[in-house]
Amino acid sequence: MADGYNKPIPIPQPESDNYWEGTKAGELRLRHCDDCNQAYFYPRNICPECGNNNTSWIVASGNAKIHTFAIVHRPPHPGFMDDIPYVPAIVELEEGPKMATQIVNVEADPSKISIDMAVKVVFESITDEISLPKFEPA
Amino acid sequence: MPVMDKLKAVSGTAAIVGVAESDQIGRTPDKGPLELHAEAGRNALADAGIDKSEVDGVFTAGYSTYDVAEYLGITPHFTDSTSVGGSSFVIHIAHAIAAIQAGYCEVALITHGQTGRSDRARAGGNPGLPSAQYEVPYGIIGPPVAYSLAANRYMHQYGEDRTREAMANIAVSTRKWANMNEKAFFYDTPMSFDEYHDSRWISWPFHLPDCCLVTDAGAAIVITSAERAKSTRKGAVSILGAAEGHDHGILHQMPDLTRTWGRHSGPQALEMAGVTHDDLDLAMIYDSFTYTVLATLESLGFCGPGDGPDFVADQRTAPGGDFPLNTSGGGLSYTHPGMYGIFTVVEAVRQLRGETGQRQLDDCKLAMAHGTGGLLSSTGTVILGRD
Ligand SMILES: [Zn+2]
């Protein structure tokens, strides 16, 4: 656990326990609808496409491309004061779904990051229970 | 799906008869949010010439209706605390039409009040909400970060330079309107294009002037039947069209970061009113950010996807331009306490009544007021008219 981590920490919920156990184990686990035969995000037991609950879990490859990003200069929360400028993003996973994340291990400069850039998942351990999936240039 | 024949049948059957802000807006460190609700409600009823004892429908967001009604000593027979962000108060107008038409109430009071400037404490958030697990931990907290993510996608699709120029045009034209509104936060503060481009980054691609104000303010609206409106102090501003909806809650679930639900609520409200874009004399479009205006104009159908930068070019939306937009100075330069939508309606009604002094439009007969709420999530559109 990173000492003095003072940013908001996710609290796993009944539908997301497996997701957060996965990230702690180094896996990005996605819900999958076995009727639609497609993955979706975020984890919930009922498929948002067809409304059925014939759903399971799959492990994502971790490969994605950047759908959009921003570069935050004024922290919206005191916990991010030491992180600015940081790069929140939405990425499109190889399996189809989009998820929100941060792009890391890259200079926070709009000339160094681009939409559609290939990225891959990395897991940042923030507490004994929680690792956050973030993405870095592939 | 909405049944257009039924909607057309109720077009114009209800009217706005009172609008007001709280006694002061901008900075009110000595007042709480409910007090601003109550002041605005009291002022709007005075504007209408209606006693609070006649109010039988109460609508609000942020608080529950019982908080507002208890403060004001009102005991409504119809209550609606629909809370879907800053568009809520525009959406309440559609609900008021429905309630009045169905016979649930006769006089509807919609109130708003927030102290966004004086009360800077952020709510801890409900850990059961998806945002708490899937967006907030990444610093996607609050509207500037979320909306800047959407704006960069737009830039990627439609060109960075022309998007930047469009955002500058919107910021500067809106400031010019604010410089004509003595209630505006930036009434005495002009802004040039150079000042816009030289300002600091908040969340790239947003400069500071791309982002709305954070103020204290309240506002309220009184609605009654068209029949009853005839005997009110200032008469009727007819509600000709009203529509609403949403297509996501948190940002990464938005189907298309460049298109809002306005693509449905705009055309629906216009069709209900039996008018077209070209018939409108004024557009009041929620400007939480410059980008919100750009995406919303396109979604509402004023121009095609990606054509917004051409639509707002050359200060066309500024005083003297041929597309008057956000004549109060908007959320960018007049006031924005958090959920600004109700203020689009207040200004539209005042323009239709001819009450806006030096910024008054000539012959303003038909206006659109449009709210956006959440993270580009929900919209409400109304079409208002005056004979
Ligand atoms: Zn399905």
# chains A, B, ... in the order shown; residues from 1 in each chain; ligands from 1
>>> residues_around(residues="Cys303 in chain B", least_positions_apart="5", cutoff="12 Å", atoms="only C-alpha atoms", output="list in words")
Arg263, His277, Asp278, Leu294, Ala295, Thr296, Leu297, Glu298, Gly308, Pro309, Asp310, Phe311 and Val312 of chain B
>>> interface_residues(of="chain B", to="chain A", cutoff="9 Å", atoms="only C-alpha atoms", output="PyMOL selection string")
chain B and resi 122+127-128+130+132-142+144-146+148-153+156+200-206+251-253
>>> residues_near_ligand(ligand="ligand 1", cutoff="12 Å", atoms="only C-alpha atoms and all ligand atoms", output="PyMOL selection string")
chain A and resi 31-40+44-56
>>> write_last_selection(atoms="C-alpha atoms", output="CSV table (one decimal), in the first residue's frame")
chain,number,residue,atom,x,y,z
A,31,ARG,CA,-18.9,-9.0,-17.4
A,32,HIS,CA,-20.0,-10.9,-20.5
A,33,CYS,CA,-23.5,-11.5,-21.7
A,34,ASP,CA,-23.8,-15.1,-22.9
A,35,ASP,CA,-27.0,-14.3,-24.9
A,36,CYS,CA,-25.6,-11.2,-26.7
A,37,ASN,CA,-22.1,-12.8,-26.8
A,38,GLN,CA,-20.5,-9.5,-25.9
A,39,ALA,CA,-18.6,-8.0,-22.9
A,40,TYR,CA,-19.9,-4.9,-21.2
A,44,ARG,CA,-23.5,-5.5,-13.2
A,45,ASN,CA,-25.5,-8.7,-13.1
A,46,ILE,CA,-28.1,-7.8,-15.7
A,47,CYS,CA,-27.0,-7.2,-19.3
A,48,PRO,CA,-27.6,-3.5,-20.2
A,49,GLU,CA,-28.2,-4.5,-23.9
A,50,CYS,CA,-30.8,-7.3,-23.7
A,51,GLY,CA,-31.9,-7.2,-20.1
A,52,ASN,CA,-31.2,-10.9,-19.5
A,53,ASN,CA,-29.1,-12.1,-16.6
A,54,ASN,CA,-27.4,-15.0,-18.4
A,55,THR,CA,-24.1,-13.4,-17.8
A,56,SER,CA,-20.6,-14.5,-16.8
>>> atom_distance(atom1="CA of Leu30 in chain A", atom2="CA of Ile113 in chain A")
26.0 Å
>>> residues_around(residues="Leu93 in chain A", least_positions_apart="3", cutoff="9 Å", atoms="only C-alpha atoms", output="PyMOL selection string")
chain A and resi 60-66+96-99
>>> select_by_dssp(residues="chain A", states="strand (DSSP E or B)", output="VMD selection string")
chain A and resid 29 to 33 38 to 40 55 to 59 63 to 69 71 to 72 86 88 to 93 98 to 103 118 to 125 131 to 137
>>> select_by_dssp(residues="range 48-210 of chain B", states="alpha helix (DSSP H)", output="MDAnalysis selection string")
chainID B and resid 48 65:72 88:102 130:134 143:158 160:178 193:198
>>> residues_around(residues="range 47-58 of chain B", least_positions_apart="5", cutoff="6 Å", atoms="only C-alpha atoms", output="count of residues only")
12
>>> residues_around(residues="Arg27 in chain B", least_positions_apart="5", cutoff="9 Å", atoms="only C-alpha atoms", output="PyMOL selection string")
chain B and resi 115+117-118+185+215-217
>>> residues_around(residues="Val19 in chain B", least_positions_apart="4", cutoff="8 Å", atoms="only C-alpha atoms", output="list in words")
Asn43, Ala44, Leu45, Asp47, Ala48, Ala219, Ala220, Ile221, Val222, Val346 and Val349 of chain B
>>> atom_distance(atom1="CA of Ala25 in chain A", atom2="CA of Glu107 in chain A")
27.6 Å
>>> closest_residue(among="A:Asp82, A:Lys24, A:Asn6, A:Glu95", to="Val59 in chain A", atoms="only C-alpha atoms")
A:Glu95
>>> residues_around(residues="Leu270 in chain B", least_positions_apart="2", cutoff="10 Å", atoms="only C-alpha atoms", output="VMD selection string")
chain B and resid 240 to 243 265 to 268 272 to 277 279 to 280 300 368 381 to 383
>>> write_last_selection(atoms="N, CA and C atoms", output="mmCIF file, in the first residue's frame")
data_model
loop_
_atom_site.group_PDB
_atom_site.id
_atom_site.type_symbol
_atom_site.label_atom_id
_atom_site.label_comp_id
_atom_site.auth_asym_id
_atom_site.auth_seq_id
_atom_site.Cartn_x
_atom_site.Cartn_y
_atom_site.Cartn_z
ATOM 1 N N LEU B 240 -45.287 26.365 -25.144
ATOM 2 C CA LEU B 240 -45.752 25.768 -26.402
ATOM 3 C C LEU B 240 -45.183 24.372 -26.617
ATOM 4 N N GLY B 241 -44.013 24.125 -26.080
ATOM 5 C CA GLY B 241 -43.393 22.811 -26.226
ATOM 6 C C GLY B 241 -42.529 22.502 -25.030
ATOM 7 N N ALA B 242 -42.436 21.223 -24.675
ATOM 8 C CA ALA B 242 -41.593 20.812 -23.545
ATOM 9 C C ALA B 242 -41.233 19.342 -23.728
ATOM 10 N N ALA B 243 -39.947 19.035 -23.548
ATOM 11 C CA ALA B 243 -39.494 17.657 -23.724
ATOM 12 C C ALA B 243 -38.264 17.414 -22.857
ATOM 13 N N SER B 265 -34.818 15.808 -27.323
ATOM 14 C CA SER B 265 -35.713 16.765 -26.644
ATOM 15 C C SER B 265 -35.912 18.033 -27.469
ATOM 16 N N GLY B 266 -34.910 18.436 -28.254
ATOM 17 C CA GLY B 266 -35.057 19.638 -29.078
ATOM 18 C C GLY B 266 -36.110 19.468 -30.156
ATOM 19 N N PRO B 267 -35.932 18.489 -31.042
ATOM 20 C CA PRO B 267 -36.944 18.281 -32.091
ATOM 21 C C PRO B 267 -38.337 18.001 -31.528
ATOM 22 N N GLN B 268 -38.404 17.249 -30.413
ATOM 23 C CA GLN B 268 -39.721 16.942 -29.836
ATOM 24 C C GLN B 268 -40.424 18.209 -29.347
ATOM 25 N N MET B 272 -43.849 19.742 -30.975
ATOM 26 C CA MET B 272 -45.016 19.959 -30.106
ATOM 27 C C MET B 272 -45.510 21.397 -30.244
ATOM 28 N N ALA B 273 -44.566 22.342 -30.350
ATOM 29 C CA ALA B 273 -44.925 23.759 -30.456
ATOM 30 C C ALA B 273 -45.387 24.127 -31.870
ATOM 31 N N GLY B 274 -45.105 23.253 -32.830
ATOM 32 C CA GLY B 274 -45.476 23.550 -34.207
ATOM 33 C C GLY B 274 -44.637 24.648 -34.825
ATOM 34 N N VAL B 275 -43.364 24.727 -34.410
ATOM 35 C CA VAL B 275 -42.465 25.761 -34.942
ATOM 36 C C VAL B 275 -41.149 25.103 -35.374
ATOM 37 N N THR B 276 -40.306 25.876 -36.054
ATOM 38 C CA THR B 276 -39.008 25.378 -36.498
ATOM 39 C C THR B 276 -37.895 26.232 -35.888
ATOM 40 N N HIS B 277 -36.665 25.771 -36.055
ATOM 41 C CA HIS B 277 -35.506 26.520 -35.561
ATOM 42 C C HIS B 277 -35.524 27.966 -36.059
ATOM 43 N N ASP B 279 -37.862 29.906 -36.706
ATOM 44 C CA ASP B 279 -38.888 30.774 -36.118
ATOM 45 C C ASP B 279 -38.429 31.409 -34.803
ATOM 46 N N LEU B 280 -37.378 30.859 -34.183
ATOM 47 C CA LEU B 280 -36.979 31.300 -32.837
ATOM 48 C C LEU B 280 -36.291 32.665 -32.876
ATOM 49 N N LEU B 300 -29.337 19.819 -30.874
ATOM 50 C CA LEU B 300 -30.697 20.364 -31.010
ATOM 51 C C LEU B 300 -31.112 20.521 -32.469
ATOM 52 N N MET B 368 -36.408 29.530 -27.128
ATOM 53 C CA MET B 368 -36.118 28.197 -26.613
ATOM 54 C C MET B 368 -35.269 28.346 -25.353
ATOM 55 N N THR B 381 -35.946 20.673 -22.732
ATOM 56 C CA THR B 381 -36.100 21.772 -23.689
ATOM 57 C C THR B 381 -37.511 22.320 -23.573
ATOM 58 N N VAL B 382 -37.654 23.632 -23.520
ATOM 59 C CA VAL B 382 -38.995 24.229 -23.604
ATOM 60 C C VAL B 382 -39.005 25.301 -24.695
ATOM 61 N N ILE B 383 -40.168 25.444 -25.326
ATOM 62 C CA ILE B 383 -40.410 26.501 -26.299
ATOM 63 C C ILE B 383 -41.454 27.429 -25.690
#
>>> closest_residue(among="A:Met81, A:Val122, A:Ile130, A:Ile58", to="Asn105 in chain A", atoms="only C-alpha atoms")
A:Val122
>>> decode(residues="range 141-172 of chain B", atoms="N, CA and C atoms", output="mmCIF file, in the first residue's frame")
data_model
loop_
_atom_site.group_PDB
_atom_site.id
_atom_site.type_symbol
_atom_site.label_atom_id
_atom_site.label_comp_id
_atom_site.auth_asym_id
_atom_site.auth_seq_id
_atom_site.Cartn_x
_atom_site.Cartn_y
_atom_site.Cartn_z
ATOM 1 N N ILE B 141 -13.564 13.905 -11.426
ATOM 2 C CA ILE B 141 -14.389 14.411 -10.332
ATOM 3 C C ILE B 141 -14.887 15.785 -10.747
ATOM 4 N N GLY B 142 -16.191 15.942 -10.764
ATOM 5 C CA GLY B 142 -16.761 17.243 -11.082
ATOM 6 C C GLY B 142 -16.801 17.492 -12.580
ATOM 7 N N PRO B 143 -17.648 18.467 -12.967
ATOM 8 C CA PRO B 143 -17.879 18.706 -14.390
ATOM 9 C C PRO B 143 -16.664 19.145 -15.213
ATOM 10 N N PRO B 144 -15.742 20.003 -14.733
ATOM 11 C CA PRO B 144 -14.684 20.434 -15.657
ATOM 12 C C PRO B 144 -13.866 19.281 -16.237
ATOM 13 N N VAL B 145 -13.506 18.297 -15.418
ATOM 14 C CA VAL B 145 -12.724 17.177 -15.934
ATOM 15 C C VAL B 145 -13.555 16.360 -16.925
ATOM 16 N N ALA B 146 -14.791 16.047 -16.544
ATOM 17 C CA ALA B 146 -15.630 15.206 -17.408
ATOM 18 C C ALA B 146 -15.914 15.886 -18.748
ATOM 19 N N TYR B 147 -16.296 17.148 -18.692
ATOM 20 C CA TYR B 147 -16.660 17.827 -19.943
ATOM 21 C C TYR B 147 -15.433 18.070 -20.823
ATOM 22 N N SER B 148 -14.258 18.223 -20.204
ATOM 23 C CA SER B 148 -13.061 18.405 -21.030
ATOM 24 C C SER B 148 -12.717 17.115 -21.764
ATOM 25 N N LEU B 149 -13.016 15.981 -21.163
ATOM 26 C CA LEU B 149 -12.823 14.701 -21.852
ATOM 27 C C LEU B 149 -13.721 14.619 -23.093
ATOM 28 N N ALA B 150 -14.960 15.068 -22.939
ATOM 29 C CA ALA B 150 -15.876 15.053 -24.094
ATOM 30 C C ALA B 150 -15.395 16.032 -25.162
ATOM 31 N N ALA B 151 -14.938 17.204 -24.726
ATOM 32 C CA ALA B 151 -14.525 18.234 -25.690
ATOM 33 C C ALA B 151 -13.329 17.775 -26.519
ATOM 34 N N ASN B 152 -12.407 17.034 -25.899
ATOM 35 C CA ASN B 152 -11.250 16.583 -26.671
ATOM 36 C C ASN B 152 -11.650 15.570 -27.737
ATOM 37 N N ARG B 153 -12.644 14.760 -27.432
ATOM 38 C CA ARG B 153 -13.141 13.833 -28.450
ATOM 39 C C ARG B 153 -13.719 14.619 -29.646
ATOM 40 N N TYR B 154 -14.458 15.677 -29.336
ATOM 41 C CA TYR B 154 -15.020 16.525 -30.394
ATOM 42 C C TYR B 154 -13.893 17.133 -31.246
ATOM 43 N N MET B 155 -12.859 17.629 -30.569
ATOM 44 C CA MET B 155 -11.714 18.206 -31.295
ATOM 45 C C MET B 155 -11.087 17.189 -32.237
ATOM 46 N N HIS B 156 -10.967 15.964 -31.749
ATOM 47 C CA HIS B 156 -10.376 14.903 -32.563
ATOM 48 C C HIS B 156 -11.219 14.650 -33.817
ATOM 49 N N GLN B 157 -12.534 14.657 -33.654
ATOM 50 C CA GLN B 157 -13.411 14.339 -34.787
ATOM 51 C C GLN B 157 -13.534 15.497 -35.776
ATOM 52 N N TYR B 158 -13.540 16.737 -35.239
ATOM 53 C CA TYR B 158 -13.936 17.859 -36.101
ATOM 54 C C TYR B 158 -12.855 18.936 -36.247
ATOM 55 N N GLY B 159 -11.698 18.722 -35.664
ATOM 56 C CA GLY B 159 -10.598 19.667 -35.887
ATOM 57 C C GLY B 159 -10.305 20.512 -34.670
ATOM 58 N N GLU B 160 -9.042 20.487 -34.236
ATOM 59 C CA GLU B 160 -8.685 21.173 -33.002
ATOM 60 C C GLU B 160 -8.768 22.697 -33.150
ATOM 61 N N ASP B 161 -8.235 23.231 -34.226
ATOM 62 C CA ASP B 161 -8.170 24.697 -34.350
ATOM 63 C C ASP B 161 -9.563 25.311 -34.453
ATOM 64 N N ARG B 162 -10.423 24.707 -35.253
ATOM 65 C CA ARG B 162 -11.752 25.305 -35.416
ATOM 66 C C ARG B 162 -12.604 25.113 -34.157
ATOM 67 N N THR B 163 -12.366 24.019 -33.423
ATOM 68 C CA THR B 163 -13.079 23.831 -32.160
ATOM 69 C C THR B 163 -12.623 24.892 -31.152
ATOM 70 N N ARG B 164 -11.308 25.102 -31.112
ATOM 71 C CA ARG B 164 -10.775 26.116 -30.190
ATOM 72 C C ARG B 164 -11.358 27.487 -30.508
ATOM 73 N N GLU B 165 -11.409 27.825 -31.793
ATOM 74 C CA GLU B 165 -11.930 29.127 -32.187
ATOM 75 C C GLU B 165 -13.416 29.241 -31.829
ATOM 76 N N ALA B 166 -14.154 28.146 -31.971
ATOM 77 C CA ALA B 166 -15.579 28.152 -31.623
ATOM 78 C C ALA B 166 -15.761 28.378 -30.122
ATOM 79 N N MET B 167 -14.938 27.706 -29.321
ATOM 80 C CA MET B 167 -15.060 27.868 -27.867
ATOM 81 C C MET B 167 -14.722 29.302 -27.479
ATOM 82 N N ALA B 168 -13.737 29.890 -28.143
ATOM 83 C CA ALA B 168 -13.384 31.293 -27.878
ATOM 84 C C ALA B 168 -14.540 32.212 -28.279
ATOM 85 N N ASN B 169 -15.129 31.961 -29.437
ATOM 86 C CA ASN B 169 -16.260 32.779 -29.884
ATOM 87 C C ASN B 169 -17.404 32.750 -28.867
ATOM 88 N N ILE B 170 -17.692 31.557 -28.350
ATOM 89 C CA ILE B 170 -18.792 31.423 -27.389
ATOM 90 C C ILE B 170 -18.450 32.150 -26.086
ATOM 91 N N ALA B 171 -17.229 31.969 -25.608
ATOM 92 C CA ALA B 171 -16.837 32.628 -24.350
ATOM 93 C C ALA B 171 -16.907 34.149 -24.475
ATOM 94 N N VAL B 172 -16.393 34.673 -25.570
ATOM 95 C CA VAL B 172 -16.321 36.129 -25.744
ATOM 96 C C VAL B 172 -17.723 36.716 -25.996
#
